[in-house]
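Text of input38.csv (CSV, C-alpha atoms and all ligand atoms) as supplied:
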chain,number,residue,atom,x,y,z
Y,14,MET,CA,121.3,58.3,99.2
Y,15,TYR,CA,119.5,55.0,98.6
Y,16,LEU,CA,116.7,55.9,101.1
Y,17,ARG,CA,116.3,59.4,99.7
Y,18,ARG,CA,115.9,58.0,96.2
Y,19,LEU,CA,113.4,55.4,97.4
Y,20,CYS,CA,111.4,58.0,99.4
Y,21,PRO,CA,111.3,61.3,97.4
Y,22,ASN,CA,108.8,62.8,99.8
Y,23,PHE,CA,111.3,62.8,102.6
Y,24,VAL,CA,113.5,65.8,103.0
Y,25,LYS,CA,117.2,65.6,103.2
Y,26,GLN,CA,117.5,66.4,106.9
Y,27,THR,CA,117.9,63.4,109.1
Y,28,ILE,CA,117.6,62.8,112.8
Y,29,ARG,CA,120.4,60.5,114.0
Y,30,THR,CA,119.2,58.0,116.6
Y,31,TYR,CA,121.4,55.2,117.9
Y,32,GLY,CA,123.7,55.8,114.9
Y,33,VAL,CA,120.9,55.1,112.4
Y,34,ALA,CA,119.9,57.8,110.0
Y,35,VAL,CA,116.1,58.2,110.2
Y,36,PRO,CA,114.6,60.5,107.5
Y,37,LYS,CA,112.6,63.4,108.8
Y,38,LYS,CA,109.1,63.6,107.3
Y,39,SER,CA,108.3,66.6,105.1
Y,40,PRO,CA,106.0,69.2,106.8
Y,41,LYS,CA,102.5,69.5,105.5
Y,42,ILE,CA,102.1,73.2,104.5
Y,43,LEU,CA,98.9,75.3,104.0
Y,44,ILE,CA,99.2,78.6,102.1
Y,45,THR,CA,96.3,81.1,102.6
Y,46,GLY,CA,95.6,83.8,100.0
Y,47,GLY,CA,97.5,81.5,97.6
Y,48,LEU,CA,96.1,82.8,94.3
Y,49,GLY,CA,97.8,86.2,94.5
Y,50,GLN,CA,101.1,87.3,93.1
Y,51,LEU,CA,103.2,85.2,95.5
Y,52,GLY,CA,101.1,82.2,96.3
Y,53,VAL,CA,101.2,80.2,93.1
Y,54,GLU,CA,104.9,80.6,92.7
Y,55,CYS,CA,105.5,79.8,96.3
Y,56,ALA,CA,103.5,76.6,96.1
Y,57,LYS,CA,105.6,75.5,93.0
Y,58,TYR,CA,108.8,76.3,94.9
Y,59,LEU,CA,107.9,74.4,98.1
Y,60,ARG,CA,106.4,71.5,96.2
Y,61,GLY,CA,109.8,71.1,94.5
Y,62,LYS,CA,111.3,70.8,97.9
Y,63,TYR,CA,108.7,68.9,100.0
Y,64,GLY,CA,106.6,67.1,97.5
Y,65,ARG,CA,103.5,68.0,95.5
Y,66,ASP,CA,100.9,66.8,97.9
Y,67,ASN,CA,102.6,68.3,101.0
Y,68,VAL,CA,101.8,71.8,99.9
Y,69,ILE,CA,98.1,72.9,99.9
Y,70,LEU,CA,97.2,76.1,98.1
Y,71,SER,CA,94.0,77.9,99.3
Y,72,ASP,CA,92.1,81.0,98.5
Y,73,ILE,CA,88.5,82.2,98.2
Y,74,ILE,CA,88.7,82.6,94.4
Y,75,LYS,CA,88.1,80.0,91.6
Y,76,PRO,CA,91.3,78.4,90.4
Y,77,THR,CA,92.4,78.0,86.8
Y,78,ASN,CA,93.0,74.6,85.3
Y,79,ASP,CA,96.8,75.1,85.7
Y,80,VAL,CA,96.5,75.7,89.4
Y,81,VAL,CA,94.4,72.6,89.9
Y,82,ASN,CA,96.7,70.5,87.8
Y,83,ASP,CA,99.8,71.7,89.7
Y,84,GLY,CA,98.7,70.2,93.1
Y,85,PRO,CA,96.1,70.3,95.9
Y,86,TYR,CA,93.9,73.4,95.9
Y,87,ILE,CA,91.1,74.1,98.4
Y,88,PHE,CA,88.7,76.9,99.4
Y,89,ALA,CA,89.7,78.6,102.6
Y,90,ASP,CA,88.3,81.9,103.9
Y,91,ILE,CA,90.5,83.3,106.6
Y,92,LEU,CA,87.5,85.0,108.2
Y,93,ASP,CA,86.0,81.6,108.9
Y,94,PHE,CA,87.7,80.2,112.0
Y,95,LYS,CA,85.9,76.9,112.1
Y,96,GLY,CA,86.5,76.3,108.4
Y,97,LEU,CA,90.2,76.8,109.1
Y,98,GLN,CA,90.2,74.4,112.0
Y,99,LYS,CA,88.6,71.7,109.8
Y,100,ILE,CA,91.3,72.1,107.2
Y,101,VAL,CA,94.2,71.9,109.7
Y,102,VAL,CA,92.7,68.8,111.3
Y,103,ASN,CA,91.6,67.0,108.1
Y,104,HIS,CA,94.9,67.7,106.3
Y,105,ARG,CA,97.1,67.4,109.3
Y,106,VAL,CA,98.8,70.7,108.6
Y,107,ASP,CA,102.2,71.5,110.3
Y,108,TRP,CA,103.2,74.9,108.8
Y,109,LEU,CA,100.9,77.8,107.8
Y,110,ILE,CA,102.0,80.4,105.3
Y,111,HIS,CA,99.6,83.3,105.6
Y,112,PHE,CA,99.5,85.3,102.4
Y,113,SER,CA,95.9,86.6,102.5
Y,114,ALA,CA,95.9,90.4,102.6
Y,115,LEU,CA,94.7,93.6,100.9
Y,116,LEU,CA,97.8,95.4,99.8
Y,117,SER,CA,98.6,99.1,100.2
Y,118,ALA,CA,96.9,100.8,97.4
Y,119,ILE,CA,93.8,98.5,97.4
Y,120,GLY,CA,93.6,98.7,101.2
Y,121,GLU,CA,93.2,102.5,101.0
Y,122,GLN,CA,90.3,102.1,98.6
Y,123,ASN,CA,88.4,99.9,101.1
Y,124,VAL,CA,89.5,100.4,104.7
Y,125,PRO,CA,86.8,98.4,106.4
Y,126,LEU,CA,87.5,95.3,104.3
Y,127,ALA,CA,91.3,95.7,104.8
Y,128,VAL,CA,90.6,95.8,108.6
Y,129,ARG,CA,88.6,92.6,108.3
Y,130,VAL,CA,91.0,90.7,106.1
Y,131,ASN,CA,94.3,92.0,107.4
Y,132,ILE,CA,93.5,92.3,111.1
Y,133,GLU,CA,90.6,90.0,111.9
Y,134,GLY,CA,92.1,87.4,109.5
Y,135,MET,CA,95.4,87.6,111.4
Y,136,HIS,CA,93.6,87.0,114.7
Y,137,ASN,CA,92.1,83.9,113.3
Y,138,VAL,CA,95.3,82.4,111.8
Y,139,ILE,CA,97.4,83.1,114.9
Y,140,GLU,CA,94.9,81.6,117.3
Y,141,LEU,CA,94.7,78.6,114.9
Y,142,ALA,CA,98.5,78.3,114.9
Y,143,LYS,CA,98.6,78.4,118.7
Y,144,GLN,CA,95.8,75.8,119.1
Y,145,TYR,CA,97.4,73.3,116.7
Y,146,LYS,CA,101.1,74.2,117.4
Y,147,LEU,CA,101.8,75.2,113.8
Y,148,ARG,CA,104.9,77.0,112.6
Y,149,ILE,CA,103.4,80.2,111.1
Y,150,PHE,CA,105.0,82.5,108.5
Y,151,VAL,CA,103.4,85.9,107.9
Y,152,PRO,CA,105.0,88.3,105.4
Y,153,SER,CA,105.4,91.9,106.4
Y,154,THR,CA,106.5,94.8,104.2
Y,155,ILE,CA,108.5,98.0,103.8
Y,156,GLY,CA,105.0,99.5,104.2
Y,157,ALA,CA,105.2,98.7,108.0
Y,158,PHE,CA,107.4,101.9,108.2
Y,159,GLY,CA,106.2,105.5,107.9
Y,160,PRO,CA,107.4,109.1,107.5
Y,161,ASP,CA,109.0,109.1,111.0
Y,162,SER,CA,111.2,106.1,110.3
Y,163,PRO,CA,114.8,106.5,109.0
Y,164,ARG,CA,114.5,105.9,105.3
Y,165,ASN,CA,118.1,105.4,104.1
Y,166,PRO,CA,118.9,102.9,105.5
Y,167,THR,CA,115.9,101.6,107.5
Y,168,PRO,CA,117.2,99.2,110.3
Y,169,ASN,CA,115.4,96.1,111.6
Y,170,VAL,CA,114.3,97.8,114.8
Y,171,THR,CA,113.3,101.5,114.6
Y,172,VAL,CA,110.3,103.8,114.7
Y,173,GLN,CA,107.2,102.3,112.9
Y,174,ARG,CA,104.4,104.8,112.4
Y,175,PRO,CA,102.9,103.8,109.0
Y,176,ARG,CA,100.1,106.0,107.4
Y,177,THR,CA,98.3,103.3,105.4
Y,178,ILE,CA,95.9,100.7,106.8
Y,179,TYR,CA,98.0,98.1,105.2
Y,180,GLY,CA,101.1,99.2,107.1
Y,181,VAL,CA,99.1,99.5,110.4
Y,182,SER,CA,97.8,96.0,110.0
Y,183,LYS,CA,101.3,94.6,109.3
Y,184,VAL,CA,102.8,96.3,112.4
Y,185,HIS,CA,99.8,94.8,114.3
Y,186,ALA,CA,100.7,91.3,112.8
Y,187,GLU,CA,104.4,91.7,113.7
Y,188,LEU,CA,103.7,92.7,117.3
Y,189,LEU,CA,101.0,90.0,117.8
Y,190,GLY,CA,103.3,87.4,116.5
Y,191,GLU,CA,106.1,88.4,118.8
Y,192,TYR,CA,103.7,88.5,121.7
Y,193,TYR,CA,102.4,85.0,121.0
Y,194,TYR,CA,106.0,83.8,120.7
Y,195,HIS,CA,107.0,85.2,124.1
Y,196,ARG,CA,103.7,84.4,125.8
Y,197,PHE,CA,102.8,81.0,124.4
Y,198,GLY,CA,106.0,79.8,122.6
Y,199,LEU,CA,104.3,80.0,119.2
Y,200,ASP,CA,106.8,79.4,116.3
Y,201,PHE,CA,106.0,82.7,114.6
Y,202,ARG,CA,108.3,83.8,111.7
Y,203,CYS,CA,108.0,87.0,109.7
Y,204,LEU,CA,110.0,88.6,106.9
Y,205,ARG,CA,109.5,92.2,105.9
Y,206,PHE,CA,109.7,92.0,102.1
Y,207,PRO,CA,110.4,94.9,99.8
Y,208,GLY,CA,108.5,95.2,96.5
Y,209,VAL,CA,108.5,91.7,95.0
Y,210,ILE,CA,108.9,91.6,91.3
Y,211,SER,CA,107.6,88.7,89.2
Y,212,SER,CA,105.9,88.2,85.8
Y,213,ASP,CA,102.5,87.4,87.5
Y,214,PRO,CA,100.0,90.2,87.9
Y,215,PRO,CA,100.5,92.2,91.1
Y,216,GLY,CA,97.9,92.6,93.8
Y,217,GLY,CA,97.5,96.4,94.1
Y,218,GLY,CA,100.6,97.6,95.9
Y,219,THR,CA,102.7,100.8,95.6
Y,220,THR,CA,105.7,99.0,94.1
Y,221,ASP,CA,103.6,97.5,91.3
Y,222,TYR,CA,105.1,99.9,88.7
Y,223,ALA,CA,108.2,97.8,88.6
Y,224,ILE,CA,106.1,94.9,87.2
Y,225,ALA,CA,103.7,96.9,85.0
Y,226,ILE,CA,106.5,98.7,83.2
Y,227,PHE,CA,107.7,95.4,81.7
Y,228,HIS,CA,104.2,94.3,80.6
Y,229,ASP,CA,103.4,97.7,79.0
Y,230,VAL,CA,106.7,98.3,77.2
Y,231,LEU,CA,106.8,94.8,75.8
Y,232,ARG,CA,103.2,95.0,74.6
Y,233,LYS,CA,102.9,98.7,73.7
Y,234,GLY,CA,106.4,100.3,73.7
Y,235,HIS,CA,105.4,102.9,76.4
Y,236,TYR,CA,104.5,103.1,80.1
Y,237,GLN,CA,103.0,105.8,82.2
Y,238,CYS,CA,104.5,105.7,85.7
Y,239,TYR,CA,102.4,106.8,88.7
Y,240,LEU,CA,105.6,107.6,90.7
Y,241,LYS,CA,108.1,110.4,90.1
Y,242,PRO,CA,111.3,109.3,88.3
Y,243,ASP,CA,113.5,109.7,91.4
Y,244,THR,CA,111.4,107.7,93.8
Y,245,ARG,CA,113.8,105.2,95.3
Y,246,LEU,CA,112.3,101.9,96.8
Y,247,PRO,CA,113.7,98.6,97.9
Y,248,MET,CA,112.9,95.6,95.6
Y,249,MET,CA,113.5,91.9,95.2
Y,250,HIS,CA,112.9,89.4,92.4
Y,251,VAL,CA,110.4,86.6,93.4
Y,252,ARG,CA,113.2,84.0,93.1
Y,253,ASP,CA,115.1,85.7,96.0
Y,254,ALA,CA,111.9,86.3,98.0
Y,255,LEU,CA,110.9,82.6,97.9
Y,256,ARG,CA,114.4,81.4,98.7
Y,257,ALA,CA,114.5,83.8,101.7
Y,258,LEU,CA,111.1,82.5,102.9
Y,259,SER,CA,112.2,78.9,102.5
Y,260,GLU,CA,115.6,79.3,104.2
Y,261,PHE,CA,114.0,81.3,107.0
Y,262,LEU,CA,111.3,78.7,107.6
Y,263,GLU,CA,114.0,76.0,107.9
Y,264,ALA,CA,116.4,78.0,110.1
Y,265,PRO,CA,116.8,76.4,113.5
Y,266,ASN,CA,115.0,78.3,116.2
Y,267,GLU,CA,118.1,78.8,118.3
Y,268,LYS,CA,119.7,80.9,115.4
Y,269,LEU,CA,116.8,83.4,115.3
Y,270,ILE,CA,117.5,86.3,117.6
Y,271,ARG,CA,114.3,88.0,116.3
Y,272,ARG,CA,111.0,86.7,115.0
Y,273,VAL,CA,110.8,89.6,112.4
Y,274,TYR,CA,113.6,90.4,109.9
Y,275,ASN,CA,114.1,92.9,107.1
Y,276,VAL,CA,115.2,91.3,103.8
Y,277,THR,CA,116.0,92.9,100.5
Y,278,SER,CA,118.0,92.5,97.3
Y,279,MET,CA,118.4,96.1,95.8
Y,280,SER,CA,117.0,99.6,95.6
Y,281,PHE,CA,116.3,101.6,92.5
Y,282,THR,CA,114.2,104.4,91.1
Y,283,PRO,CA,111.8,104.3,88.0
Y,284,GLU,CA,114.5,106.3,86.1
Y,285,GLU,CA,117.2,103.8,86.9
Y,286,LEU,CA,115.0,100.8,86.0
Y,287,THR,CA,114.1,102.5,82.7
Y,288,GLY,CA,117.8,103.0,81.9
Y,289,LYS,CA,118.4,99.2,82.4
Y,290,ILE,CA,115.3,98.2,80.3
Y,291,SER,CA,116.3,100.5,77.5
Y,292,LYS,CA,119.3,98.4,76.9
Y,293,TYR,CA,116.9,95.7,75.6
Y,294,ILE,CA,114.2,98.0,74.2
Y,295,PRO,CA,116.0,101.3,73.1
Y,296,GLU,CA,112.8,102.8,71.7
Y,297,LEU,CA,110.8,102.6,74.9
Y,298,GLN,CA,108.9,105.7,76.1
Y,299,ILE,CA,108.2,106.5,79.7
Y,300,THR,CA,105.9,109.3,81.0
Y,301,TYR,CA,105.3,110.2,84.6
Y,302,LYS,CA,102.0,111.1,86.2
Y,303,PRO,CA,102.3,110.7,90.0
Y,304,ASP,CA,99.0,109.8,91.8
Y,305,SER,CA,98.1,109.1,95.5
Y,306,ARG,CA,100.6,106.2,95.5
Y,307,GLN,CA,103.4,108.8,95.4
Y,308,ASP,CA,102.5,109.9,99.0
Y,309,ILE,CA,102.7,106.3,100.1
Y,310,ALA,CA,106.1,105.8,98.5
Y,311,ASP,CA,107.4,109.0,100.0
Y,312,SER,CA,106.8,107.6,103.5
Y,313,TRP,CA,108.5,104.3,102.9
Y,314,PRO,CA,112.1,103.1,103.2
Y,315,GLN,CA,114.4,103.9,100.3
Y,316,VAL,CA,117.1,101.5,101.3
Y,317,PHE,CA,116.4,98.5,103.6
Y,318,ASP,CA,119.0,97.3,106.1
Y,319,ASP,CA,118.9,93.5,106.2
Y,320,SER,CA,122.2,93.0,108.0
Y,321,GLU,CA,120.5,91.2,110.9
Y,322,ALA,CA,119.0,88.5,108.6
Y,323,ARG,CA,122.5,88.1,107.0
Y,324,ARG,CA,124.1,87.8,110.4
Y,325,ASP,CA,121.6,85.4,112.0
Y,326,TRP,CA,120.5,83.0,109.3
Y,327,GLN,CA,123.0,83.8,106.6
Y,328,TRP,CA,120.5,85.5,104.2
Y,329,LYS,CA,122.2,86.5,100.9
Y,330,PRO,CA,120.4,88.0,97.9
Y,331,GLU,CA,121.4,86.6,94.5
Y,332,VAL,CA,119.4,88.6,91.9
Y,333,ASP,CA,120.7,92.2,91.3
Y,334,ILE,CA,119.1,94.8,89.0
Y,335,ASP,CA,120.8,93.5,85.8
Y,336,ASN,CA,119.7,89.9,86.5
Y,337,LEU,CA,116.3,91.1,87.4
Y,338,VAL,CA,115.8,93.0,84.1
Y,339,SER,CA,117.0,90.1,82.0
Y,340,LEU,CA,114.8,87.6,83.9
Y,341,MET,CA,111.7,89.9,83.6
Y,342,ILE,CA,112.2,90.5,79.9
Y,343,LYS,CA,112.3,86.8,79.3
Y,344,GLU,CA,109.5,85.8,81.6
Y,345,VAL,CA,107.1,88.6,80.6
Y,346,LYS,CA,107.7,87.8,76.9
Y,347,GLU,CA,106.8,84.2,77.6
Y,348,LYS,CA,103.6,85.3,79.4
Y,349,ILE,CA,102.6,87.5,76.5
Y,350,ALA,CA,103.3,84.7,74.0
Y,351,ALA,CA,101.2,82.3,76.0
Y,352,SER,CA,98.3,84.7,76.2
Y,353,ARG,CA,98.0,85.1,72.4
Q,1,LIG,N1,103.8,91.3,96.4
Q,1,LIG,C1,104.6,92.1,97.1
Q,1,LIG,O1,105.4,92.9,96.6
Q,1,LIG,C2,104.7,92.0,98.6
Q,1,LIG,C3,105.6,92.7,99.3
Q,1,LIG,C4,105.7,92.6,100.7
Q,1,LIG,C5,104.8,91.8,101.4
Q,1,LIG,N2,103.9,91.1,100.7
Q,1,LIG,C6,102.9,90.2,101.4
Q,1,LIG,O2,102.9,88.9,100.8
Q,1,LIG,C7,101.5,88.4,100.9
Q,1,LIG,C8,101.1,88.0,99.5
Q,1,LIG,O3,101.2,89.1,98.6
Q,1,LIG,P1,100.6,89.0,97.2
Q,1,LIG,O4,101.3,90.1,96.4
Q,1,LIG,O5,100.6,87.6,96.7
Q,1,LIG,O6,99.1,89.5,97.4
Q,1,LIG,P2,97.8,89.5,96.5
Q,1,LIG,O7,97.0,90.7,96.7
Q,1,LIG,O8,98.3,89.2,95.1
Q,1,LIG,O9,97.1,88.2,97.0
Q,1,LIG,C9,96.4,88.2,98.2
Q,1,LIG,C10,95.3,87.0,98.1
Q,1,LIG,O10,94.6,87.1,99.4
Q,1,LIG,C11,93.3,86.6,99.0
Q,1,LIG,N3,92.2,86.9,100.0
Q,1,LIG,C12,91.6,88.1,100.2
Q,1,LIG,N4,90.6,87.9,101.1
Q,1,LIG,C13,90.7,86.7,101.6
Q,1,LIG,C14,90.0,85.9,102.6
Q,1,LIG,N5,89.0,86.4,103.2
Q,1,LIG,N6,90.4,84.6,102.8
Q,1,LIG,C15,91.4,84.0,102.1
Q,1,LIG,N7,92.1,84.7,101.1
Q,1,LIG,C16,91.8,86.0,100.9
Q,1,LIG,C17,93.0,87.2,97.7
Q,1,LIG,O11,92.0,86.5,97.0
Q,1,LIG,C18,94.3,87.2,97.0
Q,1,LIG,O12,94.4,86.1,96.1
Q,1,LIG,C19,100.6,89.5,101.5
Q,1,LIG,O13,100.4,89.3,102.8
Q,1,LIG,C20,101.5,90.8,101.3
Q,1,LIG,O14,101.2,91.7,102.3
Q,1,LIG,C21,103.8,91.2,99.3

Kindly transcribe the structure held in the file into structure tokens.
Amino acid sequence: MYLRRLCPNFVKQTIRTYGVAVPKKSPKILITGGLGQLGVECAKYLRGKYGRDNVILSDIIKPTNDVVNDGPYIFADILDFKGLQKIVVNHRVDWLIHFSALLSAIGEQNVPLAVRVNIEGMHNVIELAKQYKLRIFVPSTIGAFGPDSPRNPTPNVTVQRPRTIYGVSKVHAELLGEYYYHRFGLDFRCLRFPGVISSDPPGGGTTDYAIAIFHDVLRKGHYQCYLKPDTRLPMMHVRDALRALSEFLEAPNEKLIRRVYNVTSMSFTPEELTGKISKYIPELQITYKPDSRQDIADSWPQVFDDSEARRDWQWKPEVDIDNLVSLMIKEVKEKIAASR
């Protein structure tokens, strides 16, 4: 206890040598694509655990003052291999969290760029992780499945024939990571997330409606949904997603039977979500105007089977749909108040 209080940058885990407890140093973590929906929150979460200066956020866009004040932020283009090498060496990086990507809806609008960022970028970071023996985390998605996959439930290992470039690039990342693990012993770890819901602006995915609905009904009282009312998709609050990521990153290798796991918290439809929100805002109005994202959603899992993650590293979601709605109403109200 005394040592831990004296050295806040050391994690709780200890290695016992000759009966003496020696604190294990915190890993130095680099997050790529860190200014998107998940990165900033992820940095906050991991800084709470490993210390402010041990988590470096990076992206190719200009940060806000808040981001810079929160902790280390640097420019890193995942298409620039030498630049990445320089960062890993200069900052003595141990773990890489690779968030850079073009998401499903945005990827369909610019396929060549999605190929570059999602596939060539992945080649760079995996080779980097191999060269410098980094632990590497790459998120995958429910979008890595397609119309031939069983949709309710979708097991951990099954047919994967996605019809978006986003999905194709994520299957590629999963397989490449597994290959590098078996061939070179790379510590590759991958979670397939469902739609992640947080009060931050989403990056252009198919599950974004479940975020936009809160912003629109709290600002304007109505929302036009681009999916049909009965479109069921798996979802998770960002709090569960970051806890899953962190617990999975810390899981001992010998517990992991797979390198890629499904994780989820719940599944719902726009109609069911609206029903829950209307308990807080009874006068809300929702209209439905499905667009091209409906075809994507119709090819994705409806219910995600994460039993293997629960079995192997004791994954357990905590935020259900009622908690999620109450958290989002509170968090989005705060965001709106801060922007005025
Ligand atoms: N948000 C979700 O619901 C969800 C669900 C499943 C999986 N994921 C995965 O989690 C990761 C993060 O998702 P997100 O929602 O934060 O994405 P996002 O679209 O909000 O952010 C992606 C970031 O990548 C950055 N980027 C683009 N090109 C880059 C380049 N050349 N070099 C460096 N960075 C570059 C962008 O500037 C952006 O900030 C992605 O890999 C995504 O596939 C997200």

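For region 320-327 of chain Y, the set of protein, DNA and RNA residues having any atom at most 9 Å away, when counting only C-alpha atoms and skipping those fewer than 4 positions along the same chain, is Pro168, Asn169, Glu260, Phe261, Ala264, Pro265, Lys268, Leu269, Ile270, Arg271, Tyr274, Asn275 and Val276 of chain Y.
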
task: Could you tell me, counting all atoms listed in the file, which protein and nucleic acid residues lie no more than 7 Å from ligand LIG 1 (chain Q), written as a PyMOL selection string?
output: chain Y and resi 45-52+72-74+89-92+111-116+130+151-155+205-210+215-218+220

field: Among the residues Y:Tyr58, Y:Tyr239, Y:Phe317, Y:Phe281, the one that comes closest to Asp304 (chain Y) [using all atoms listed in the file]
entry: Y:Tyr239

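Our summary of the geometry notes that CA of Val53 (chain Y) is positioned 16.2 Å from CA of Val345 (chain Y).
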
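Here the question is which of Y:Leu255, Y:Trp328, Y:Thr287, Y:Ile110 gets nearest to Ile224 (chain Y) using all atoms listed in the file, and that residue is Y:Thr287.
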
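Separating CA of Asp311 (chain Y) from CA of Glu285 (chain Y) is a distance of 17.2 Å.
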
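Excluding Ile226 (chain Y) itself and same-chain residues fewer than 5 positions from it, the residues having an atom within 10 Å of it are Asp221, Leu231, Arg232, Gly234, His235, Tyr236, Gln237, Cys238, Pro283, Leu286, Thr287, Ile290 and Ile299 of chain Y, counting only C-alpha atoms.
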
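Considering the residues Y:Thr177, Y:Asn82, Y:Ser339, Y:Thr244 and counting only C-alpha atoms, Thr282 (chain Y) has its shortest atom-to-atom contact with Y:Thr244.
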
- prompt: Quick one, how far is CA of Thr277 (chain Y) from CA of Asp229 (chain Y)?
  reply: 25.4 Å

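Nearest-residue note for Gly61 (chain Y): choosing from Y:Gly84, Y:Ile132, Y:Lys241, Y:Ala186, the minimum distance belongs to Y:Gly84, counting only C-alpha atoms.
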
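For Ile334 (chain Y), the non-local neighbours within 7 Å, defined as residues at least 3 positions apart in the same chain or in other chains and counting only C-alpha atoms, are Met279, Leu337 and Val338 of chain Y.
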